[in-house]
Amino acid sequence: MTTPLESRFQDAKPLYSESEARIEANRCLYCYDAPCVKACPVGIDIPGFIQQIASRNIRGAAKTILQVNPLGLSTSRVCPVEELCAGACVYHQHDSRPINIGRLQRYATEQALHWEMSSGKTLFTPEITGDRKVALIGAGPASISCAAYLAMAGVHPVIFEKDDKPGGLVTTGIAPYKLQSLDAVAEIEWLVRLGIEIRTGVTIGSDVTVDQLLTEYDALFVGTGLGKDTFPGIDGETETGVWGATELIRRIKADDHFQLPDDLNRVIIIGGGNTAIDIAHELALLGVPQVDIIYRRTVAEMPGYQHELVAARKSGVRMIEKAKPLSISRTSDGDLALNAEHTTSGEQIQFTADWIVMAIGQAKVAGRLIPQIETDNKGLVIVDPLTRRSSHPKIYAGGDCINGGKEVVNAVADGREAAFAMLKEFEKNGSRNG
Amino acid sequence: MADLSINMCGIESPNPFWLASGPPSNCGEQVMRAFDAGWGGAVWKTLGEPIVNVSSRLGSIDYEGNRMSGLNNIELITDRPLKTNFEEIYEVKKRYPKHAVVVSLMVNSREDWREIIQRSEDAGADGLELNFGCPHGMCERGMGSSVGQEPDVLSRITSWAKEFATVPVLIKLTPNVGDILVPGVAAVEGGADGLSLINTIKSIIGVDLEKLVPLPSVRDKSTNGGYCGPAVKPIALHMVGALARDPRINIPISGIGGIGNWRDAAEFIALGATSVQVCTAVMHYGYRIVEDMIDGLSNYLDDMNLSSVSDLVAKAIPHYTDWGNLDLNYKVIADIDAEKCIGCQLCYIACLDGAHQCIHTRQSPCSAFHGTSDHGMNPRIKVQTPVTHSQKSRVPEYVPFVDDAECVGCNLCHLVCPVPGCITMVDSSTGSESGSWNERLSKMEK
Ligand SMILES: Cc1cc2nc3c(=O)[nH]c(=O)nc-3n(C[C@H](O)[C@H](O)[C@H](O)COP(=O)(O)OP(=O)(O)OC[C@H]3O[C@@H](n4cnc5c(N)ncnc54)[C@H](O)[C@@H]3O)c2cc1C
Ligand SMILES: Cc1cc2nc3c(=O)[nH]c(=O)nc-3n(C[C@H](O)[C@H](O)[C@H](O)COP(=O)(O)O)c2cc1C
Ligand code: SF4
Ligand code: SF4
Ligand code: SF4
């Protein structure tokens with residue numbers, strides 16, 4: 001059996017050993033009203049769970065994490081902690097290395113998962129399922145999180161996912177040196193035991209309609225994420241060898257038969273966000289000799305994280321600043337050529353490449369799928385910032401479809417808040433049958 | 001460079017650092033390696049009637065990731081034949097004539113004491129140390145701490161030893177007593193030449209929570225042991241200081257208990273010790289720790305303009321007094337250096353829950369702030385204008401501040417702050433007049 005290309009990647013931040021975890025846990029100062037907690041989008045009690053690791057109450061640590069973040073394991077591996085919790089750690093002020101919060105979180109949650117698997121016991125006991133049911137569109141982290149809280153409260157969540165695997169971008173988008181599909185799916189299978197039903201291979205809009213869901217279910221959660229890669233609309237962008245970034249990443253992560261051509265020598269990535277940096281870094285690690293990111297502004301202005309760019313550059317990725325793509329053509333040798341313009345001098349430059357990858361954004365799809373709800377001018381679903389309820393009283397939304405593409409942990413926070421709001425609403429309205 | 005050599009009641013040593021009687025001074029080969037590493041003397045592992053040891057025999061506590069903050073043992077005296085020990089003592093003394101070899105002894109009858117003292121002196125011992133301190137095992141056989149806890153018995157055996165010995169006799173005291181002066185004075189009365197303390201503190205180091213057997217466990221049982229290591233240092237310091245400042249104790253003291261570096265040693269010496277002895281720290285890190293002890297102590301003496309280590313002995317004793325003599329008019333308050341503060345809020349929560357509710361945060365209104373001093377008795381009911389940070393303040397928001405009028409100067413925040421030099425306790429006494437409780441009492445009596 002062949003495996004996807006991603007299985008060739010090594011973990012950038014491997015699981016801590018017991019001694020590594022203990023030493024790091026004991027470094028934490030156990031701050032009061034800690035800045036790291038405030039910087040965490042789901043508000044994990046970070047000093048709390050780190051103290052639990054230090055006292056060797058690992059299951060307690062996992063519980064502290066998972067009760068506010070059901071995807072505590074995958075987020076520990078994929079969160080940009082440098083920008084979030086660890087970025088706020090007081091050790092920066094102390095002129096020292098911040099606490100490796102992500103790796104401690106992974107240690108606690110992964111140990112707990114192993115404990116559950118080997119002991120057959122569970123950390124959490126959901127309420128007995130009642131007669132309420134909620135439909136969720138998309139099995140990405142937003143829906144999974146929402147479903148986990150609903151299941152815990154005895155509401156039956158049914159997730160509809162058009163893909164054959166659950167997880168959304170956590171399964172098909174995350175850079176393989178952080179998290180690979182098998183682990184992402186394993187975590188979701190673990191959560192499914194709380195009482196979550198996932199129907200894969202079902203596309204809402206064609207297989208089942210939104211109206212059907214609205215009549216059959218007590219509420220609807222929209223966690224559709226974003227759509228296909230967008231293209232800049234320049235000549236030649238449909239040439240073979242021109243890729244959308246998330247599509248290419250999905251092939252690397254989830255396509256058993258996908259291989260890079262042997263003569264793939266130069267790839268140009270267009271974009272300046274984290275997706276551009278990720279695909280560039282992945283291709284460089286897969287051994288493509290020359291990988292260039294072309295961005296229309298300067299490095300300092302890139303929306304992608306500097307720590308990710310630094311890591312990619314260490315792996316050989318080069319940056320070309322201030323170049324604006326004009327068109328794509330073919331050279332006489334049959335290579336692709338990107339014709340670009342220097343944004344300040346106006347000089348015309350041509351870059352040849354075997355592949356060109358567009359990483360300039362993804363389409364907004366939720367509004368078109370569900371005309372019942374209001375969207376903003378960018379196509380993002382408008383929700384109440386506290387409850388994540390849309391303009392339709394029965395429809396809630398969260399994740400990339402409301403924020404345009406942030407982090408997994410933001411999707412988790414949205415799902416959780418939406419679940420709490422639904423539960424409150426259900427309680428207000430009493431039992432469905434009575 | 002300061003002179004580190006000492007003369008402890010006639011026992012000469014190139015420096016004040018001695019191995020305490022225990023596993024590090026178990027045999028001749030070890031003691032010679034210790035002398036090579038720099039130790040000035042060694043108190044040999046206690047000799048007496050042959051015994052059999054148990055396994056395991058050590059337990060320890062770790063504190064926040066630090067191993068062996070406190071060590072506990074249920075080991076007895078030497079488990080090697082007396083003849084072998086004496087041969088090795090002889091060999092060590094022959095090869096290291098300038099180093100101090102003190103032989104620790106523990107036997108029962110007067111005749112036994114006579115014989116073992118004779119054999120020790122024949123082997124070349126520079127001094128003897130009578131072990132009246134071991135609080136486990138041996139005390140069940142009427143020796144060790146069971147002697148140290150009975151002043152009359154202690155005094156009697158001391159006088160026997162003085163009768164038989166020609167070399168100095170040190171008495172090693174147990175801390176497992178109500179008042180250390182009682183055995184201390186008894187030893188002086190028996191004619192002792194010097195005191196050594198502390199031996200270990202009776203303790204149970206922990207419980208194996210899976211097997212529910214105390215630690216260290218011997219198959220499925222355990223017994224109380226003796227506690228030592230860094231955790232016991234404050235107890236030992238007090239006992240050494242209490243003896244050193246008592247006029248009845250006119251003999252030198254060898255300080256023991258939790259010493260691991262030159263600072264610990266200097267503290268013991270300043271509180272009255274002439275030599276210091278080390279066991280746990282050597283068991284933890286090996287003989288090599290003495291290098292920095294020698295170097296550090298010598299640098300320190302130079303910095304203090306003291307030309308010899310004997311000039312440091314008891315230098316802190318005049319500053320050790322009764323509580324009743326402390327100045328009640330002296331007042332310090334906490335001061336936070338905003339430049340150094342990292343914003344951990346540990347001082348805030350410590351003062352709020354564990355002290356006097358007088359550190360406040362700029363980040364959120366603080367219910368315990370009153371502006372007037374009712375010590376937060378009723379914070380929820382009587383919330384006054386909340387303190388928030390002023391718009392004009394250039395101090396970062398995360399830096400807490402001290403309500404000077406409320407601070408009682410307890411020192412807690414200073415102790416919890418992880419940043420060196422960030423919180424200081426500043427003298428804020430008004431007026432220079434001093435007044436202690438005893439002074440107030442005597443004024444009232446007049
Ligand atoms: C390349 C890339 C790398 C990333 N790296 C990181 C990272 O390292 N760390 C991090 O925190 N975040 C990262 N992110 C962002 C993160 O993956 C997303 O923010 C997060 O997955 C959003 O979750 P979601 O649940 O909103 O949507 P998604 O994860 O996109 O899931 C949406 C799901 O809905 C399904 N769906 C859509 N429409 C329908 C329909 N009509 N019917 C049925 N199912 C439907 C989709 O198939 C998909 O499975 C990355 C994103 C990308 C693109
Ligand atoms: C500042 C302080 C004051 C204390 N005051 C008292 C007291 O008034 N009465 C008392 O019985 N114990 C007092 N104790 C002793 C504690 O009750 C406790 O026995 C001791 O601190 C050991 O416990 P711990 O080290 O585990 O905290 C005090 C301890 C501290 C630190
Ligand atoms: S800020 Fe850093 S040191 Fe403080 S609690 Fe958080 S992780 Fe620990
Ligand atoms: S010295 Fe004591 S009372 Fe004063 S601020 Fe610090 S903790 Fe509070
Ligand atoms: S304990 Fe020290 S570093 Fe922490 S907030 Fe207080 S003053 Fe600042």
# chains A, B, ... in the order shown; residues from 1 in each chain; ligands from 1
>>> select_by_dssp(residues="stretch 4-248 of chain A", states="strand (DSSP E)", output="PyMOL selection string")
chain A and resi 133-137+156-161+197-200+219-222+242-244
>>> residues_around(residues="B:Val177", least_positions_apart="6", cutoff="12 Å", atoms="only C-alpha atoms", output="PyMOL selection string")
chain B and resi 132-133+135+145-151+183-184+198-202+235+239
>>> write_last_selection(atoms="all heavy atoms", output="CSV table (one decimal), in the first residue's frame")
chain,number,residue,atom,x,y,z
B,132,PHE,N,25.8,10.4,69.6
B,132,PHE,CA,24.6,10.3,70.4
B,132,PHE,C,23.4,10.8,69.7
B,132,PHE,O,22.5,11.5,70.3
B,132,PHE,CB,24.8,11.1,71.7
B,132,PHE,CG,25.9,10.6,72.6
B,132,PHE,CD1,26.6,11.4,73.5
B,132,PHE,CD2,26.3,9.3,72.6
B,132,PHE,CE1,27.6,11.0,74.3
B,132,PHE,CE2,27.3,8.8,73.4
B,132,PHE,CZ,28.0,9.6,74.3
B,133,GLY,N,23.4,10.6,68.4
B,133,GLY,CA,22.4,11.3,67.6
B,133,GLY,C,21.6,10.4,66.7
B,133,GLY,O,20.5,10.8,66.4
B,135,PRO,N,18.8,8.6,65.1
B,135,PRO,CA,17.4,8.5,65.6
B,135,PRO,C,16.7,7.3,65.1
B,135,PRO,O,15.5,7.3,65.2
B,135,PRO,CB,16.8,9.8,65.1
B,135,PRO,CG,17.4,10.0,63.8
B,135,PRO,CD,18.8,9.4,63.8
B,145,SER,N,20.5,8.3,69.5
B,145,SER,CA,19.7,9.4,70.1
B,145,SER,C,19.1,9.1,71.4
B,145,SER,O,18.7,10.0,72.2
B,145,SER,CB,18.6,9.8,69.1
B,145,SER,OG,17.7,8.8,68.9
B,146,SER,N,19.0,7.8,71.7
B,146,SER,CA,18.4,7.5,73.1
B,146,SER,C,19.4,8.0,74.2
B,146,SER,O,19.0,8.2,75.3
B,146,SER,CB,18.0,6.1,73.2
B,146,SER,OG,19.1,5.3,73.3
B,147,VAL,N,20.7,8.1,73.8
B,147,VAL,CA,21.6,8.7,74.8
B,147,VAL,C,21.5,10.2,74.7
B,147,VAL,O,21.5,10.9,75.7
B,147,VAL,CB,23.1,8.2,74.4
B,147,VAL,CG1,24.1,8.9,75.3
B,147,VAL,CG2,23.2,6.7,74.6
B,148,GLY,N,21.4,10.7,73.5
B,148,GLY,CA,21.4,12.2,73.3
B,148,GLY,C,20.2,12.8,73.9
B,148,GLY,O,20.2,14.0,74.2
B,149,GLN,N,19.2,12.0,74.1
B,149,GLN,CA,17.9,12.6,74.7
B,149,GLN,C,17.9,12.4,76.3
B,149,GLN,O,17.0,12.9,76.9
B,149,GLN,CB,16.7,11.9,74.1
B,149,GLN,CG,16.5,12.3,72.7
B,149,GLN,CD,15.5,11.4,71.9
B,149,GLN,OE1,15.4,10.2,72.3
B,149,GLN,NE2,14.8,11.9,71.0
B,150,GLU,N,18.9,11.8,76.8
B,150,GLU,CA,19.0,11.6,78.3
B,150,GLU,C,20.2,12.3,78.8
B,150,GLU,O,21.3,11.8,78.8
B,150,GLU,CB,19.1,10.1,78.6
B,150,GLU,CG,17.9,9.3,78.4
B,150,GLU,CD,16.7,9.8,79.2
B,150,GLU,OE1,16.9,10.4,80.3
B,150,GLU,OE2,15.5,9.6,78.8
B,151,PRO,N,20.1,13.6,79.3
B,151,PRO,CA,21.3,14.4,79.6
B,151,PRO,C,22.2,13.7,80.6
B,151,PRO,O,23.4,13.7,80.5
B,151,PRO,CB,20.7,15.6,80.3
B,151,PRO,CG,19.2,15.6,79.9
B,151,PRO,CD,18.8,14.3,79.5
B,183,PRO,N,21.1,19.0,76.2
B,183,PRO,CA,22.2,18.0,75.9
B,183,PRO,C,23.6,18.7,75.7
B,183,PRO,O,24.6,18.2,76.1
B,183,PRO,CB,21.8,17.3,74.6
B,183,PRO,CG,20.8,18.2,74.0
B,183,PRO,CD,20.1,18.9,75.1
B,184,GLY,N,23.5,20.0,75.2
B,184,GLY,CA,24.8,20.7,75.1
B,184,GLY,C,25.5,21.0,76.4
B,184,GLY,O,26.7,20.7,76.5
B,198,ILE,N,24.0,19.2,63.5
B,198,ILE,CA,23.0,18.2,64.1
B,198,ILE,C,23.2,16.9,63.4
B,198,ILE,O,23.7,16.8,62.3
B,198,ILE,CB,21.6,18.7,63.8
B,198,ILE,CG1,21.3,18.9,62.3
B,198,ILE,CG2,21.3,20.0,64.5
B,198,ILE,CD1,19.8,19.2,62.0
B,199,ASN,N,22.8,15.8,64.2
B,199,ASN,CA,22.6,14.6,63.5
B,199,ASN,C,21.2,14.6,62.9
B,199,ASN,O,20.6,15.7,62.9
B,199,ASN,CB,22.6,13.4,64.6
B,199,ASN,CG,23.1,12.1,63.9
B,199,ASN,OD1,22.5,11.7,62.9
B,199,ASN,ND2,24.0,11.4,64.5
B,200,THR,N,20.7,13.6,62.3
B,200,THR,CA,19.5,13.6,61.5
B,200,THR,C,18.2,13.8,62.4
B,200,THR,O,18.2,13.4,63.6
B,200,THR,CB,19.3,12.4,60.6
B,200,THR,OG1,19.4,11.3,61.5
B,200,THR,CG2,20.4,12.4,59.6
B,201,ILE,N,17.1,14.2,61.7
B,201,ILE,CA,15.9,14.5,62.4
B,201,ILE,C,15.0,13.3,62.2
B,201,ILE,O,14.8,12.9,61.0
B,201,ILE,CB,15.2,15.8,61.9
B,201,ILE,CG1,16.2,17.0,62.1
B,201,ILE,CG2,13.9,16.0,62.6
B,201,ILE,CD1,15.7,18.2,61.5
B,202,LYS,N,14.4,12.8,63.2
B,202,LYS,CA,13.5,11.6,63.1
B,202,LYS,C,12.4,12.0,62.0
B,202,LYS,O,11.7,13.0,62.2
B,202,LYS,CB,12.8,11.4,64.4
B,202,LYS,CG,12.5,9.9,64.7
B,202,LYS,CD,12.2,9.7,66.1
B,202,LYS,CE,12.3,8.2,66.4
B,202,LYS,NZ,12.4,7.8,67.8
B,235,ILE,N,17.1,24.5,60.7
B,235,ILE,CA,17.0,23.9,62.0
B,235,ILE,C,18.4,23.8,62.6
B,235,ILE,O,18.6,24.1,63.8
B,235,ILE,CB,16.3,22.5,61.9
B,235,ILE,CG1,14.9,22.7,61.4
B,235,ILE,CG2,16.3,21.8,63.2
B,235,ILE,CD1,14.2,21.5,60.9
B,239,MET,N,20.2,25.7,66.0
B,239,MET,CA,20.7,24.9,67.1
B,239,MET,C,22.2,25.3,67.3
B,239,MET,O,22.6,25.5,68.5
B,239,MET,CB,20.6,23.4,66.9
B,239,MET,CG,19.1,23.1,67.0
B,239,MET,SD,18.8,21.3,66.9
B,239,MET,CE,17.1,21.2,67.4
>>> interface_residues(of="chain B", to="chain A", cutoff="7 Å", atoms="only C-alpha atoms", output="list in words")
Glu64, Gly65, Ile342, Gly343, Cys344, Gln345, Leu346 and Ile349 of chain B
>>> residues_near_ligand(ligand="ligand 2", cutoff="12 Å", atoms="only C-alpha atoms and all ligand atoms", output="compact mmCIF listing (two decimals) with all heavy atoms, in the first residue's frame")
# COMPACT_ATOMS: atom_id res chain seq x y z
N ALA B 231 16.98 20.75 53.27
CA ALA B 231 15.77 21.14 54.01
C ALA B 231 16.02 21.35 55.49
O ALA B 231 15.27 22.07 56.15
CB ALA B 231 14.68 20.09 53.80
N GLY B 354 -2.22 35.68 51.02
CA GLY B 354 -1.33 35.17 52.05
C GLY B 354 -0.72 36.25 52.93
O GLY B 354 0.10 35.93 53.78
N ALA B 355 -1.07 37.51 52.68
CA ALA B 355 -0.49 38.55 53.53
C ALA B 355 -1.56 39.60 53.81
O ALA B 355 -2.60 39.27 54.38
CB ALA B 355 0.76 39.15 52.88
N HIS B 356 -1.37 40.82 53.34
CA HIS B 356 -2.20 41.89 53.89
C HIS B 356 -2.93 42.73 52.85
O HIS B 356 -3.21 43.90 53.07
CB HIS B 356 -1.33 42.74 54.82
CG HIS B 356 -0.77 41.89 55.92
ND1 HIS B 356 -1.43 41.66 57.09
CD2 HIS B 356 0.36 41.13 55.96
CE1 HIS B 356 -0.74 40.82 57.84
NE2 HIS B 356 0.35 40.49 57.18
N CYS B 410 6.05 42.55 55.61
CA CYS B 410 6.29 41.16 56.03
C CYS B 410 7.35 40.47 55.21
O CYS B 410 7.93 39.49 55.63
CB CYS B 410 4.99 40.38 55.98
SG CYS B 410 4.47 39.96 54.31
N ASN B 411 7.59 40.95 53.96
CA ASN B 411 8.65 40.39 53.12
C ASN B 411 8.15 39.32 52.16
O ASN B 411 8.91 38.82 51.33
CB ASN B 411 9.78 39.77 53.98
CG ASN B 411 11.13 39.87 53.31
OD1 ASN B 411 11.35 40.75 52.49
ND2 ASN B 411 12.03 38.97 53.64
N LEU B 412 6.87 38.91 52.26
CA LEU B 412 6.41 37.77 51.46
C LEU B 412 6.56 38.02 49.96
O LEU B 412 7.07 37.18 49.22
CB LEU B 412 4.94 37.45 51.78
CG LEU B 412 4.34 36.28 50.99
CD1 LEU B 412 5.08 34.98 51.29
CD2 LEU B 412 2.86 36.11 51.30
>>> residues_around(residues="stretch 377-385 of chain A", least_positions_apart="6", cutoff="6 Å", atoms="only C-alpha atoms", output="list of chain:residue names")
A:Lys364, A:Cys401, A:Ile402
>>> residues_near_ligand(ligand="ligand 4", cutoff="10 Å", atoms="only C-alpha atoms and all ligand atoms", output="ChimeraX atom specification")
/B:332-336,347-360,401-417,423-426
>>> write_last_selection(atoms="N, CA, C and O atoms", output="compact mmCIF listing (two decimals), in the first residue's frame")
# COMPACT_ATOMS: atom_id res chain seq x y z
N VAL B 332 9.89 48.52 57.33
CA VAL B 332 10.22 48.47 55.90
C VAL B 332 8.94 48.29 55.11
O VAL B 332 7.96 47.72 55.61
N ILE B 333 8.94 48.79 53.89
CA ILE B 333 7.81 48.50 53.00
C ILE B 333 8.35 48.04 51.65
O ILE B 333 9.48 48.33 51.27
N ALA B 334 7.50 47.31 50.96
CA ALA B 334 7.92 46.73 49.69
C ALA B 334 7.94 47.79 48.60
O ALA B 334 7.10 48.69 48.56
N ASP B 335 8.92 47.66 47.71
CA ASP B 335 9.02 48.58 46.59
C ASP B 335 9.26 47.76 45.32
O ASP B 335 10.16 46.92 45.28
N ILE B 336 8.40 47.97 44.32
CA ILE B 336 8.52 47.19 43.08
C ILE B 336 9.24 48.03 42.02
O ILE B 336 8.85 49.16 41.74
N CYS B 347 3.41 38.33 43.29
CA CYS B 347 3.40 39.16 44.49
C CYS B 347 1.97 39.57 44.82
O CYS B 347 1.56 39.59 45.98
N TYR B 348 1.21 39.86 43.78
CA TYR B 348 -0.17 40.30 43.97
C TYR B 348 -0.98 39.23 44.69
O TYR B 348 -1.61 39.47 45.72
N ILE B 349 -0.94 38.01 44.14
CA ILE B 349 -1.79 36.96 44.73
C ILE B 349 -1.26 36.55 46.10
O ILE B 349 -2.03 36.22 47.00
N ALA B 350 0.07 36.61 46.27
CA ALA B 350 0.64 36.24 47.57
C ALA B 350 0.18 37.23 48.63
O ALA B 350 -0.25 36.86 49.72
N CYS B 351 0.25 38.50 48.31
CA CYS B 351 -0.14 39.51 49.30
C CYS B 351 -1.66 39.49 49.52
O CYS B 351 -2.14 39.67 50.62
N LEU B 352 -2.40 39.23 48.45
CA LEU B 352 -3.87 39.24 48.57
C LEU B 352 -4.36 38.09 49.43
O LEU B 352 -5.16 38.27 50.34
N ASP B 353 -3.85 36.89 49.15
CA ASP B 353 -4.37 35.72 49.86
C ASP B 353 -3.51 35.33 51.06
O ASP B 353 -4.00 34.68 51.97
N GLY B 354 -2.22 35.68 51.02
CA GLY B 354 -1.33 35.17 52.05
C GLY B 354 -0.72 36.25 52.93
O GLY B 354 0.10 35.93 53.78
N ALA B 355 -1.07 37.51 52.68
CA ALA B 355 -0.49 38.55 53.53
C ALA B 355 -1.56 39.60 53.81
O ALA B 355 -2.60 39.27 54.38
N HIS B 356 -1.37 40.82 53.34
CA HIS B 356 -2.20 41.89 53.89
C HIS B 356 -2.93 42.73 52.85
O HIS B 356 -3.21 43.90 53.07
N GLN B 357 -3.18 42.16 51.67
CA GLN B 357 -4.02 42.80 50.64
C GLN B 357 -3.55 44.20 50.30
O GLN B 357 -4.35 45.12 50.21
N CYS B 358 -2.23 44.36 50.08
CA CYS B 358 -1.82 45.73 49.77
C CYS B 358 -1.03 45.84 48.47
O CYS B 358 -0.44 46.87 48.20
N ILE B 359 -1.03 44.80 47.65
CA ILE B 359 -0.50 44.96 46.30
C ILE B 359 -1.69 44.95 45.35
O ILE B 359 -2.60 44.13 45.50
N HIS B 360 -1.69 45.87 44.41
CA HIS B 360 -2.84 46.00 43.51
C HIS B 360 -2.39 45.93 42.08
O HIS B 360 -1.24 46.24 41.76
N PHE B 401 1.32 47.47 41.91
CA PHE B 401 1.91 48.48 42.77
C PHE B 401 1.52 48.24 44.22
O PHE B 401 0.52 47.57 44.51
N VAL B 402 2.34 48.77 45.12
CA VAL B 402 2.15 48.54 46.55
C VAL B 402 1.44 49.76 47.16
O VAL B 402 1.79 50.89 46.86
N ASP B 403 0.44 49.48 47.96
CA ASP B 403 -0.21 50.53 48.72
C ASP B 403 0.66 50.76 49.98
O ASP B 403 0.58 50.00 50.94
N ASP B 404 1.52 51.76 49.92
CA ASP B 404 2.53 51.96 50.96
C ASP B 404 1.94 52.02 52.36
O ASP B 404 2.49 51.49 53.31
N ALA B 405 0.78 52.67 52.47
CA ALA B 405 0.21 52.86 53.79
C ALA B 405 -0.25 51.53 54.39
O ALA B 405 -0.32 51.38 55.60
N GLU B 406 -0.58 50.59 53.53
CA GLU B 406 -1.10 49.31 54.00
C GLU B 406 -0.02 48.27 54.25
O GLU B 406 -0.21 47.34 55.02
N CYS B 407 1.10 48.38 53.53
CA CYS B 407 2.13 47.34 53.60
C CYS B 407 2.67 47.23 55.02
O CYS B 407 3.06 48.20 55.64
N VAL B 408 2.69 45.99 55.55
CA VAL B 408 3.21 45.78 56.90
C VAL B 408 4.68 45.37 56.88
O VAL B 408 5.28 45.14 57.92
N GLY B 409 5.23 45.24 55.67
CA GLY B 409 6.64 44.91 55.57
C GLY B 409 6.96 43.47 55.94
O GLY B 409 8.02 43.19 56.48
N CYS B 410 6.05 42.55 55.61
CA CYS B 410 6.29 41.16 56.03
C CYS B 410 7.35 40.47 55.21
O CYS B 410 7.93 39.49 55.63
N ASN B 411 7.59 40.95 53.96
CA ASN B 411 8.65 40.39 53.12
C ASN B 411 8.15 39.32 52.16
O ASN B 411 8.91 38.82 51.33
N LEU B 412 6.87 38.91 52.26
CA LEU B 412 6.41 37.77 51.46
C LEU B 412 6.56 38.02 49.96
O LEU B 412 7.07 37.18 49.22
N CYS B 413 6.14 39.21 49.49
CA CYS B 413 6.21 39.49 48.06
C CYS B 413 7.65 39.42 47.57
O CYS B 413 7.94 38.90 46.49
N HIS B 414 8.55 39.93 48.38
CA HIS B 414 9.96 39.90 48.05
C HIS B 414 10.44 38.45 47.89
O HIS B 414 11.23 38.12 47.02
N LEU B 415 9.90 37.59 48.72
CA LEU B 415 10.31 36.19 48.67
C LEU B 415 9.75 35.47 47.46
O LEU B 415 10.39 34.59 46.90
N VAL B 416 8.53 35.82 47.03
CA VAL B 416 7.94 35.08 45.90
C VAL B 416 8.36 35.64 44.55
O VAL B 416 8.28 34.93 43.55
N CYS B 417 8.78 36.88 44.49
CA CYS B 417 9.10 37.49 43.19
C CYS B 417 10.25 36.71 42.52
O CYS B 417 11.30 36.52 43.12
N ILE B 423 11.77 43.32 43.68
CA ILE B 423 11.12 43.87 44.87
C ILE B 423 12.18 44.07 45.95
O ILE B 423 12.95 43.16 46.24
N THR B 424 12.24 45.27 46.49
CA THR B 424 13.16 45.50 47.61
C THR B 424 12.33 46.00 48.79
O THR B 424 11.26 46.56 48.62
N MET B 425 12.85 45.76 49.97
CA MET B 425 12.18 46.23 51.16
C MET B 425 12.90 47.49 51.60
O MET B 425 14.09 47.47 51.90
N VAL B 426 12.17 48.59 51.57
CA VAL B 426 12.80 49.89 51.79
C VAL B 426 12.50 50.37 53.21
O VAL B 426 11.37 50.28 53.68
>>> residues_near_ligand(ligand="ligand 1", cutoff="6 Å", atoms="only C-alpha atoms and all ligand atoms", output="MDAnalysis selection string")
chainID A and resid 78:79 137:143 160:163 167:170 173:174 202:205 223:226 246 275 399:401 405:409 411
>>> select_by_dssp(residues="stretch 68-146 of chain A", states="alpha helix (DSSP H)", output="ChimeraX atom specification")
/A:72-78,85-88,101-119,141-146
>>> atom_distance(atom1="atom CA of A:Pro176", atom2="atom CA of A:Pro14")
12.3 Å
>>> residues_around(residues="B:Leu105", least_positions_apart="3", cutoff="6 Å", atoms="only C-alpha atoms", output="list in words")
Thr46, Leu47, Leu130 and Asn131 of chain B
>>> closest_residue(among="B:Glu121, B:Asp427, B:Glu29, B:Asp337", to="ligand 5", atoms="only C-alpha atoms and all ligand atoms")
B:Asp337
>>> atom_distance(atom1="atom CA of B:His136", atom2="atom CA of B:Gly225")
5.3 Å
>>> residues_around(residues="B:Gly272", least_positions_apart="5", cutoff="6 Å", atoms="only C-alpha atoms", output="mmCIF file with N, CA and C atoms, in the first residue's frame")
data_model
loop_
_atom_site.group_PDB
_atom_site.id
_atom_site.type_symbol
_atom_site.label_atom_id
_atom_site.label_comp_id
_atom_site.auth_asym_id
_atom_site.auth_seq_id
_atom_site.Cartn_x
_atom_site.Cartn_y
_atom_site.Cartn_z
ATOM 1 N N ALA B 244 25.997 28.490 70.496
ATOM 2 C CA ALA B 244 27.135 29.405 70.418
ATOM 3 C C ALA B 244 26.912 30.663 71.238
ATOM 4 N N VAL B 313 34.354 33.211 62.825
ATOM 5 C CA VAL B 313 33.586 32.380 63.772
ATOM 6 C C VAL B 313 32.753 33.253 64.711
ATOM 7 N N ALA B 314 31.459 32.964 64.734
ATOM 8 C CA ALA B 314 30.514 33.619 65.659
ATOM 9 C C ALA B 314 30.320 35.108 65.400
#
>>> atom_distance(atom1="atom CA of A:Pro70", atom2="atom CA of A:Ala366")
24.2 Å
>>> residues_around(residues="stretch 285-296 of chain A", least_positions_apart="4", cutoff="10 Å", atoms="only C-alpha atoms", output="VMD selection string")
chain A and resid 5 to 6 8 to 10 177 252 260 to 273 276 to 277 279 to 281 301 to 302 312 to 313 315 to 325 340 to 344 351 353 355 to 357 359 to 360
>>> residues_around(residues="stretch 154-162 of chain B", least_positions_apart="2", cutoff="6 Å", atoms="only C-alpha atoms", output="number ranges by chain")
B: 147-148, 151-152, 164-165, 186-187, 190-191
>>> write_last_selection(atoms="C-alpha atoms", output="tab-separated table (two decimals), in the first residue's frame")
chain	number	residue	atom	x	y	z
B	147	VAL	CA	21.62	8.66	74.76
B	148	GLY	CA	21.41	12.16	73.29
B	151	PRO	CA	21.28	14.36	79.65
B	152	ASP	CA	22.49	12.27	82.60
B	164	PHE	CA	39.95	6.79	78.43
B	165	ALA	CA	40.92	9.19	75.65
B	186	ALA	CA	25.31	18.01	79.71
B	187	ALA	CA	28.15	17.36	77.25
B	190	GLY	CA	30.80	15.57	81.10
B	191	GLY	CA	34.03	17.21	79.97
